[in-house]
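Enquirer: Below you'll find the structure I mean.
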Amino acid sequence: MIMQLSEEHEALRATVEDFAQKEVAPVIAGYYIREEFPYDLVATMGEMGLFGLPVPEQYGGMGGDYVALCVALEELGRVDQSVAITLEAGVSLGIMPIQRFGSAEQKERWLPDLATGKALGGFGLTEAGGGSDAGATRTTAQVDDGDWVINGSKAFITNSGTRITSHITVTAVTDRTGDKREISAILVPSGTPGFTVAPSYSKVGWNASDTHELAFTDCRVPEENLVGGRGRGYAQFLSILDEGRVAIAALSTGAAQGCVDESVRYAQERRAFGAAIGSYQAIQFKIAEMESRTVAARLAWQHAAEKMAAGVSFTKEAAIAKLLSSNAAMDNARDATQIFGGYGFMNEYPVARHYRDSKILEIGEGTSEVQKMLIARRLGL
């Protein structure tokens, strides 16, 4: 059954919907075309408390839950994915590693600015030669005179090069015994000597979000910047990734819904052969399929979120949600573009942005193939 939102969650949904429609929708096309990061929109989201939704109040957060974040992401995703992924990554990858595994001192130092949107954090896991094989980390970190000395590189890191980026949590090999490698997570503040942020990628989509390659050359940070237990970095990230997949599924569902919304509106307005194109069965059937995909995607992320909130294993459900919703977003974007015809190929229209943006939803935070592997393993295969 579709999750019955609490009064608080419904109020949040309505607030974010209003923000997305009135403040994001009118301006985001310009940011997208200029490939410019929307600092003003991010600041407003910070003032609204969106980055702090699942963060305890003692650290400046709203003291809510992960469902609240997902509700907000779906509404943002309906209008624009660049803004939505900035929030998703800011929380799932910037905040959660510290909130879940950081020391008391790390939480006190980093969470307040992150929770209020004054700062953004990123997570450096993916490497150019690794891709889905995240366990094949080549970046290394060795202890020397009370410091971690980090060498290596990371690729495709979101929120890593903005002027408000405060840190990157990096996975690195901290010990090697034969074929076994100990992987740990280490917090690297922005501006640390030896930490270099490459120029922004030229991307197909998500053009108003921030993504960079990172390099670490004899980069030194204090030993106390270890996040969680030594050798637990990869396992910690896998648990963070399960949560992140539910969030990405909610974002993807929003994108799929946005394509339905735009297609219904256009089908009612656009006339061809003497009638609104929405009166033709070919268009009606296409939009009906789009709506069906969207509802299934919503059911999937909400089911995964319910299991997560209940404190039971939700790895399979998160993978299913991520797989279904990313497929729905991509399929709906393709169909919406077809419904819009030539206008669907113009970047000024939301469906064109969704068409360019949605493909990465089938790749980031675990490819569709990885989700199928996870589902199969949970079935005992």
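Going through the structure tokens in order, the chains are called A, B, and so on, while each chain numbers its residues from 1 and the ligands are numbered from 1 in the order shown.
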Taking the DSSP assignment computed from this structure's backbone, write out as an NGL selection string all residues of region 77-244 of chain A that belong to strand (DSSP E).
Expert: :A and (120-124 or 140-144 or 147-158 or 165-177 or 180-189 or 195-197 or 211-222 or 226-227)
Enquirer: Write out as number ranges by chain the residues lying within 10 Å of Ile85 (chain A), counting only C-alpha atoms and excluding same-chain residues fewer than 6 positions away.
Expert: A: 73, 76-77, 91-92, 158-159, 206, 208-210, 247-248, 251
Enquirer: Using only C-alpha atoms for the distances, tell me which of A:Val295, A:Val83, A:Lys107, A:Asn207 is nearest to Asn347 (chain A).
Expert: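 For Asn347 (chain A), the nearest of the candidates is A:Asn207.
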Enquirer: Neighbours of Ala255 (chain A) within 7 Å (only C-alpha atoms; same-chain residues fewer than 3 positions away dropped), as a list in words?
Expert: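 Listed by chain and then number, they are Gly77, Arg78, Leu251, Ser252, Gly258, Cys259, Ala329 and His354 of chain A.
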Enquirer: Could you save those same residues with N, CA and C atoms as an mmCIF file, in the first residue's frame?
Expert:
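Writing the result to out-v2.cif gives the following:
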```
data_model
loop_
_atom_site.group_PDB
_atom_site.id
_atom_site.type_symbol
_atom_site.label_atom_id
_atom_site.label_comp_id
_atom_site.auth_asym_id
_atom_site.auth_seq_id
_atom_site.Cartn_x
_atom_site.Cartn_y
_atom_site.Cartn_z
ATOM 1 N N GLY A 77 12.899 16.462 -7.218
ATOM 2 C CA GLY A 77 13.175 15.721 -8.430
ATOM 3 C C GLY A 77 12.132 15.923 -9.506
ATOM 4 N N ARG A 78 10.913 16.257 -9.132
ATOM 5 C CA ARG A 78 9.863 16.536 -10.122
ATOM 6 C C ARG A 78 10.231 17.735 -10.989
ATOM 7 N N LEU A 251 14.219 10.377 -5.443
ATOM 8 C CA LEU A 251 14.554 11.398 -6.431
ATOM 9 C C LEU A 251 14.128 10.948 -7.832
ATOM 10 N N SER A 252 14.430 9.712 -8.166
ATOM 11 C CA SER A 252 14.076 9.173 -9.481
ATOM 12 C C SER A 252 12.568 9.140 -9.676
ATOM 13 N N GLY A 258 7.586 14.107 -12.636
ATOM 14 C CA GLY A 258 7.696 15.365 -13.351
ATOM 15 C C GLY A 258 7.440 15.204 -14.834
ATOM 16 N N CYS A 259 7.899 14.101 -15.392
ATOM 17 C CA CYS A 259 7.654 13.826 -16.816
ATOM 18 C C CYS A 259 6.167 13.599 -17.076
ATOM 19 N N ALA A 329 12.335 6.605 -14.424
ATOM 20 C CA ALA A 329 12.745 7.966 -14.771
ATOM 21 C C ALA A 329 13.259 8.029 -16.203
ATOM 22 N N HIS A 354 15.207 16.412 -18.099
ATOM 23 C CA HIS A 354 15.022 15.068 -17.533
ATOM 24 C C HIS A 354 15.599 14.004 -18.466
#
```
Enquirer: As a PyMOL selection string, please: the residues near Ser325 (chain A) (cut-off 10 Å, only C-alpha atoms, same-chain neighbours under 5 positions excluded).
Expert: chain A and resi 246+248-256+293-301+319-320+330-331+361-362
Enquirer: Could you tell me how far CA of Ala89 (chain A) sits from CA of Glu365 (chain A), in Å to one decimal place?
Expert: 10.0 Å
Enquirer: Measuring between only C-alpha atoms, which one of A:Leu226, A:Val264, A:Ile164, A:Ile339 shows the shortest distance to Val143 (chain A)?
Expert: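 Closest to Val143 (chain A), using only C-alpha atoms: A:Leu226.
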Enquirer: Between A:Met346, A:Ile363, A:Ala376, A:Leu111, which residue has the minimum interatomic distance to Ser326 (chain A), considering only C-alpha atoms?
Expert: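 Comparing A:Met346, A:Ile363, A:Ala376, A:Leu111 against Ser326 (chain A), the winner is A:Ile363.
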Enquirer: Do a neighbour search on Ala20 (chain A) at 8 Å with only C-alpha atoms, toss out local chain neighbours closer than 3 positions, and write the hits as a list in words.
Expert: Val16, Glu17, Glu23, Val24, Ala25, Glu75, Leu76 and Val79 of chain A
Enquirer: Would you write out those residues with C-alpha atoms, as a PDB file, in the first residue's frame?
Expert:
```
ATOM      1  CA  VAL A  16       9.064  21.672  -0.682  1.00  0.00           C
ATOM      2  CA  GLU A  17       6.584  21.448  -3.563  1.00  0.00           C
ATOM      3  CA  GLU A  23      11.593  29.295  -6.752  1.00  0.00           C
ATOM      4  CA  VAL A  24      13.417  26.483  -8.576  1.00  0.00           C
ATOM      5  CA  ALA A  25      11.307  26.010 -11.699  1.00  0.00           C
ATOM      6  CA  GLU A  75       9.296  16.896  -4.790  1.00  0.00           C
ATOM      7  CA  LEU A  76      12.583  18.476  -5.875  1.00  0.00           C
ATOM      8  CA  VAL A  79      11.258  19.934 -11.104  1.00  0.00           C
TER       9      VAL A  79
END
```
Enquirer: Hey, what's within 9 Å of Gly278 (chain A) if we count only C-alpha atoms and toss same-chain stuff fewer than 6 positions away? As JSON, numbers by chain, please?
Expert: {"A": [264, 266, 267, 268, 269, 270, 271, 284]}
Enquirer: I need the residue nearest Arg13 (chain A) from this list: A:Ile157, A:Val71, A:Ala215, A:Met290. Use only C-alpha atoms for the distance.
Expert: A:Val71
Enquirer: Among region 220-358 of chain A, which ones does DSSP place in alpha helix (DSSP H), written as number ranges by chain?
Expert: A: 233-269, 281-309, 315-340, 350-357
Enquirer: Generate the output file for the selected residues, C-alpha atoms, as an mmCIF file, in the first residue's frame.
Expert:
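Everything below was put into part.cif:
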```cif
data_model
loop_
_atom_site.group_PDB
_atom_site.id
_atom_site.type_symbol
_atom_site.label_atom_id
_atom_site.label_comp_id
_atom_site.auth_asym_id
_atom_site.auth_seq_id
_atom_site.Cartn_x
_atom_site.Cartn_y
_atom_site.Cartn_z
ATOM 1 C CA GLY A 233 35.620 2.144 5.698
ATOM 2 C CA TYR A 234 34.233 -0.066 2.963
ATOM 3 C CA ALA A 235 31.682 -1.817 5.193
ATOM 4 C CA GLN A 236 30.559 1.542 6.539
ATOM 5 C CA PHE A 237 30.055 2.871 3.056
ATOM 6 C CA LEU A 238 27.991 -0.153 2.013
ATOM 7 C CA SER A 239 25.522 0.627 4.799
ATOM 8 C CA ILE A 240 25.475 4.299 3.813
ATOM 9 C CA LEU A 241 24.889 3.231 0.213
ATOM 10 C CA ASP A 242 21.763 1.246 1.142
ATOM 11 C CA GLU A 243 20.258 4.404 2.615
ATOM 12 C CA GLY A 244 21.439 6.438 -0.355
ATOM 13 C CA ARG A 245 19.731 4.084 -2.793
ATOM 14 C CA VAL A 246 16.386 4.702 -1.124
ATOM 15 C CA ALA A 247 17.006 8.439 -1.418
ATOM 16 C CA ILE A 248 18.017 8.151 -5.078
ATOM 17 C CA ALA A 249 14.898 6.064 -5.682
ATOM 18 C CA ALA A 250 12.743 8.855 -4.257
ATOM 19 C CA LEU A 251 14.554 11.398 -6.431
ATOM 20 C CA SER A 252 14.076 9.173 -9.481
ATOM 21 C CA THR A 253 10.395 8.784 -8.698
ATOM 22 C CA GLY A 254 10.103 12.552 -8.608
ATOM 23 C CA ALA A 255 11.763 12.790 -12.015
ATOM 24 C CA ALA A 256 9.359 10.193 -13.408
ATOM 25 C CA GLN A 257 6.426 12.105 -11.926
ATOM 26 C CA GLY A 258 7.696 15.365 -13.351
ATOM 27 C CA CYS A 259 7.654 13.826 -16.816
ATOM 28 C CA VAL A 260 4.030 12.741 -16.275
ATOM 29 C CA ASP A 261 3.058 16.211 -15.043
ATOM 30 C CA GLU A 262 4.621 17.967 -18.008
ATOM 31 C CA SER A 263 3.225 15.485 -20.510
ATOM 32 C CA VAL A 264 -0.344 15.783 -19.203
ATOM 33 C CA ARG A 265 -0.174 19.563 -19.341
ATOM 34 C CA TYR A 266 1.286 19.606 -22.839
ATOM 35 C CA ALA A 267 -1.143 16.973 -24.129
ATOM 36 C CA GLN A 268 -4.043 19.142 -22.983
ATOM 37 C CA GLU A 269 -2.644 22.301 -24.609
ATOM 38 C CA GLN A 281 -5.376 7.109 -27.745
ATOM 39 C CA ALA A 282 -1.693 6.799 -28.684
ATOM 40 C CA ILE A 283 -0.822 9.679 -26.342
ATOM 41 C CA GLN A 284 -3.250 8.530 -23.655
ATOM 42 C CA PHE A 285 -1.722 5.048 -23.567
ATOM 43 C CA LYS A 286 1.802 6.399 -23.432
ATOM 44 C CA ILE A 287 1.000 8.673 -20.479
ATOM 45 C CA ALA A 288 -0.915 5.862 -18.742
ATOM 46 C CA GLU A 289 2.201 3.682 -18.903
ATOM 47 C CA MET A 290 4.290 6.559 -17.576
ATOM 48 C CA GLU A 291 1.950 7.016 -14.611
ATOM 49 C CA SER A 292 1.971 3.269 -13.910
ATOM 50 C CA ARG A 293 5.770 3.212 -13.782
ATOM 51 C CA THR A 294 5.773 6.183 -11.435
ATOM 52 C CA VAL A 295 3.314 4.656 -8.983
ATOM 53 C CA ALA A 296 5.297 1.388 -8.923
ATOM 54 C CA ALA A 297 8.519 3.334 -8.270
ATOM 55 C CA ARG A 298 6.875 5.245 -5.418
ATOM 56 C CA LEU A 299 5.602 2.055 -3.841
ATOM 57 C CA ALA A 300 9.088 0.577 -4.061
ATOM 58 C CA TRP A 301 10.965 3.431 -2.355
ATOM 59 C CA GLN A 302 8.303 3.777 0.316
ATOM 60 C CA HIS A 303 8.440 0.042 1.062
ATOM 61 C CA ALA A 304 12.219 0.216 1.404
ATOM 62 C CA ALA A 305 11.927 3.309 3.609
ATOM 63 C CA GLU A 306 9.410 1.582 5.878
ATOM 64 C CA LYS A 307 11.772 -1.358 6.403
ATOM 65 C CA MET A 308 14.664 1.013 7.033
ATOM 66 C CA ALA A 309 12.611 2.936 9.619
ATOM 67 C CA THR A 315 19.289 -4.093 1.219
ATOM 68 C CA LYS A 316 17.130 -6.025 -1.254
ATOM 69 C CA GLU A 317 14.272 -3.540 -1.036
ATOM 70 C CA ALA A 318 16.645 -0.607 -1.563
ATOM 71 C CA ALA A 319 18.107 -2.301 -4.638
ATOM 72 C CA ILE A 320 14.652 -3.021 -6.045
ATOM 73 C CA ALA A 321 13.586 0.569 -5.442
ATOM 74 C CA LYS A 322 16.697 1.958 -7.073
ATOM 75 C CA LEU A 323 16.374 -0.358 -10.082
ATOM 76 C CA LEU A 324 12.654 0.252 -10.679
ATOM 77 C CA SER A 325 12.701 3.993 -10.112
ATOM 78 C CA SER A 326 15.760 4.756 -12.229
ATOM 79 C CA ASN A 327 14.274 2.716 -15.070
ATOM 80 C CA ALA A 328 10.993 4.602 -14.649
ATOM 81 C CA ALA A 329 12.745 7.966 -14.771
ATOM 82 C CA MET A 330 14.653 7.076 -17.937
ATOM 83 C CA ASP A 331 11.667 5.480 -19.681
ATOM 84 C CA ASN A 332 9.353 8.355 -18.757
ATOM 85 C CA ALA A 333 11.885 10.938 -19.903
ATOM 86 C CA ARG A 334 12.132 9.219 -23.280
ATOM 87 C CA ASP A 335 8.350 9.024 -23.668
ATOM 88 C CA ALA A 336 7.828 12.607 -22.513
ATOM 89 C CA THR A 337 10.364 13.845 -25.040
ATOM 90 C CA GLN A 338 8.506 11.971 -27.767
ATOM 91 C CA ILE A 339 5.195 13.511 -26.695
ATOM 92 C CA PHE A 340 6.720 17.001 -26.815
ATOM 93 C CA PRO A 350 11.928 20.402 -18.253
ATOM 94 C CA VAL A 351 11.435 17.170 -20.191
ATOM 95 C CA ALA A 352 14.631 17.832 -22.163
ATOM 96 C CA ARG A 353 16.567 18.253 -18.917
ATOM 97 C CA HIS A 354 15.022 15.068 -17.533
ATOM 98 C CA TYR A 355 16.012 13.240 -20.709
ATOM 99 C CA ARG A 356 19.634 14.330 -20.301
ATOM 100 C CA ASP A 357 19.658 13.891 -16.532
#
```
Enquirer: Of the candidates A:Gly366, A:Pro189, A:Gly380, A:Gly344, which shows the shortest atom-to-atom distance to Asn225 (chain A), using only C-alpha atoms?
Expert: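 Result for the nearest residue to Asn225 (chain A): A:Pro189.
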Enquirer: Of the candidates A:Gly311, A:Thr367, A:Leu69, A:Gly229, which one gets nearest to Ser103 (chain A) if we count only C-alpha atoms?
Expert: A:Gly229
